[in-house]
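Step one of this worksheet: look at the structure below.
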Amino acid sequence: MTPAQRILALAADTGAALAARGWRVACAESCTAGGIAYALTSVPGSSAWFERGWVTYSNAAKHEELGVPVALIEGLGAVSVPVVRAMALGALGRSGADLVLAVSGIAGPGGGVPGKPVGTVCLGWARRVGEAIEVRVATRHFVGDRAAVRSAAIVAALEGAIEWLR
């Protein structure tokens with residue numbers, strides 16, 4: 001199975017799990033630049049469970065569109081667990097979605113810094129459970145060129161969503 005086929009299969013599985021729960025999903029993306037939203041909306045019938053997406057590639061967009069505190073970005077960098085957590089919570093609070101997938105990373109070929117090499121990706125998932133909100137976050141390190149890192153990040157985000165939906 002090619003990476004593109006795997007992504008589409010995971011997107012279909014995510015959609016089926018969302019539909020089974022009657023949930024809607026939103027995405028807050030940086031390094032994947034809308035790739036998660038694209039994959040999810042490639043699934044026929046996705047309008048029943050896809051709410052919306054943000055491509056917050058710049059730090060200003062993360063702050064203005066999702067409410068990520070500037071001090072958090074400046075202090076820890078955009079590629080950090082606290083920032084991706086804030087992205088997920090911001091998207092959840094600004095949408096009618098029940099589940100949010102968020103991602104921020106360094107896809108390369110440049111941009112790596114000490115402690116955060118190219119391939120570092122922070123992922124976040126937030127969901128509503130009754131009146132409560134639950135958040136999961138993770139940092140992963142992927143290898144390969146820019147396309148490979150972005151594809152791996154999309155796969156990881158969708159796999160995390162499926163895991164949480166089952």
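As shown in the structure tokens, the chain order sets the letters A, B, ...; within each chain, residues go from 1, and ligands are also counted from 1 in the order they appear.
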
Residues of region 37-74 of chain A within 8 Å of region 12-25 of chain A: nearest atom pair and distance (Å, one decimal) for each, counting only C-alpha atoms, sorted by chain and number, as a tab-separated table?
```
residue	atom	partner	partner_atom	distance
A:Leu40	CA	A:Gly15	CA	7.1
A:Val43	CA	A:Ala12	CA	5.8
A:Ser46	CA	A:Gly15	CA	6.8
A:Ala48	CA	A:Ala19	CA	7.5
A:Trp49	CA	A:Arg24	CA	4.3
A:Phe50	CA	A:Val25	CA	5.1
A:Glu51	CA	A:Val25	CA	5.5
A:Arg52	CA	A:Val25	CA	7.2
```

Writer output for current selection, C-alpha atoms, as a PDB file, in the first residue's frame:
```pdb
ATOM      1  CA  LEU A  40     -10.715  13.440   5.549  1.00  0.00           C
ATOM      2  CA  VAL A  43     -13.929  10.401   1.856  1.00  0.00           C
ATOM      3  CA  SER A  46     -17.498  13.455   4.807  1.00  0.00           C
ATOM      4  CA  ALA A  48     -21.804  14.451   7.557  1.00  0.00           C
ATOM      5  CA  TRP A  49     -18.888  14.465  10.015  1.00  0.00           C
ATOM      6  CA  PHE A  50     -16.250  17.010   8.907  1.00  0.00           C
ATOM      7  CA  GLU A  51     -16.786  20.391  10.582  1.00  0.00           C
ATOM      8  CA  ARG A  52     -13.894  22.648   9.549  1.00  0.00           C
TER       9      ARG A  52
END
```

Open item on the list: List the spatial neighbours of region 152-164 of chain A as a PyMOL selection string - criterion: any atom at most 10 Å away, only C-alpha atoms, same-chain residues fewer than 5 positions off excluded.
Closed with: chain A and resi 3-4+6-18+25+27+29+31-32+34-37+39-40+99-105+107+119-127+136-138+140-144+146-147

Residues just named, written with C-alpha atoms as a compact mmCIF listing (two decimals), in the first residue's frame:
```txt
# COMPACT_ATOMS: atom_id res chain seq x y z
CA PRO A 3 1.52 6.21 1.63
CA ALA A 4 -1.34 7.99 -0.16
CA ARG A 6 -2.72 4.31 3.57
CA ILE A 7 -3.75 7.89 4.36
CA LEU A 8 -7.02 7.51 2.46
CA ALA A 9 -7.76 4.20 4.19
CA LEU A 10 -7.11 5.78 7.60
CA ALA A 11 -9.28 8.76 6.68
CA ALA A 12 -12.12 6.41 5.72
CA ASP A 13 -11.72 4.50 9.01
CA THR A 14 -11.73 7.80 10.92
CA GLY A 15 -14.88 8.90 9.14
CA ALA A 16 -16.62 5.61 9.85
CA ALA A 17 -15.75 5.86 13.54
CA LEU A 18 -16.95 9.47 13.68
CA VAL A 25 -14.19 16.60 13.52
CA CYS A 27 -8.37 20.11 12.21
CA GLU A 29 -2.74 22.15 11.11
CA CYS A 31 3.33 21.60 8.98
CA THR A 32 0.77 19.36 7.27
CA GLY A 34 -4.28 21.09 5.40
CA GLY A 35 -3.26 17.56 4.48
CA ILE A 36 -5.35 16.01 7.25
CA ALA A 37 -8.43 18.00 6.24
CA ALA A 39 -7.58 13.40 3.41
CA LEU A 40 -10.71 13.44 5.55
CA LEU A 99 -12.94 15.89 18.14
CA VAL A 100 -9.98 17.97 16.97
CA LEU A 101 -6.72 16.83 15.42
CA ALA A 102 -3.82 19.30 15.72
CA VAL A 103 -0.27 19.18 14.40
CA SER A 104 2.83 21.38 14.36
CA GLY A 105 6.22 20.23 13.21
CA ALA A 107 9.07 19.04 7.92
CA GLY A 119 11.20 15.47 11.48
CA THR A 120 10.05 16.56 14.94
CA VAL A 121 6.26 16.72 14.99
CA CYS A 122 3.94 17.48 17.90
CA LEU A 123 0.44 16.05 17.66
CA GLY A 124 -2.64 16.84 19.69
CA TRP A 125 -6.16 15.50 19.94
CA ALA A 126 -8.95 17.10 21.95
CA ARG A 127 -12.47 15.83 22.45
CA ARG A 136 -3.89 13.90 24.36
CA VAL A 137 -0.55 15.06 23.03
CA ALA A 138 2.55 13.36 21.66
CA ARG A 140 7.12 12.02 17.27
CA HIS A 141 10.30 12.03 15.19
CA PHE A 142 9.94 11.04 11.54
CA VAL A 143 12.64 10.46 8.96
CA GLY A 144 12.73 11.27 5.29
CA ARG A 146 9.63 16.96 3.51
CA ALA A 147 6.90 14.92 1.83
```

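Candidate residues A:Thr41, A:Thr2, A:Ser80, A:Ser30 were compared for distance to Tyr57 (chain A), and the nearest is A:Ser30, using only C-alpha atoms.
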
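Compared by their closest atoms to Leu89 (chain A), and using only C-alpha atoms, the residues A:Val149, A:Val129, A:Ile106, A:Val135 rank with A:Val135 nearest.
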
TODO: Any chance you could list, as a PyMOL selection string, the residues in chain A that come up strand (DSSP E or B) when DSSP is run on the backbone?
DONE: chain A and resi 25-29+50-55+99-105+113+116+120-129+132-141

Open item on the list: Excluding region 62-70 of chain A and its own-chain neighbours fewer than 2 positions away, which residues fall within 9 Å of it when counting only C-alpha atoms? Please give them as a PyMOL selection string.
Closed with: chain A and resi 28+30+54-60+72-75+78+83-84+86-91+93-94

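Distances here use only C-alpha atoms; by that measure, the residue among A:Leu165, A:Leu92, A:Ala71, A:Val79 closest to Ile133 (chain A) is A:Leu92.
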
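Compared by their closest atoms to Pro109 (chain A), and using only C-alpha atoms, the residues A:Ser47, A:Arg150, A:Ser95, A:Ala33 rank with A:Arg150 nearest.
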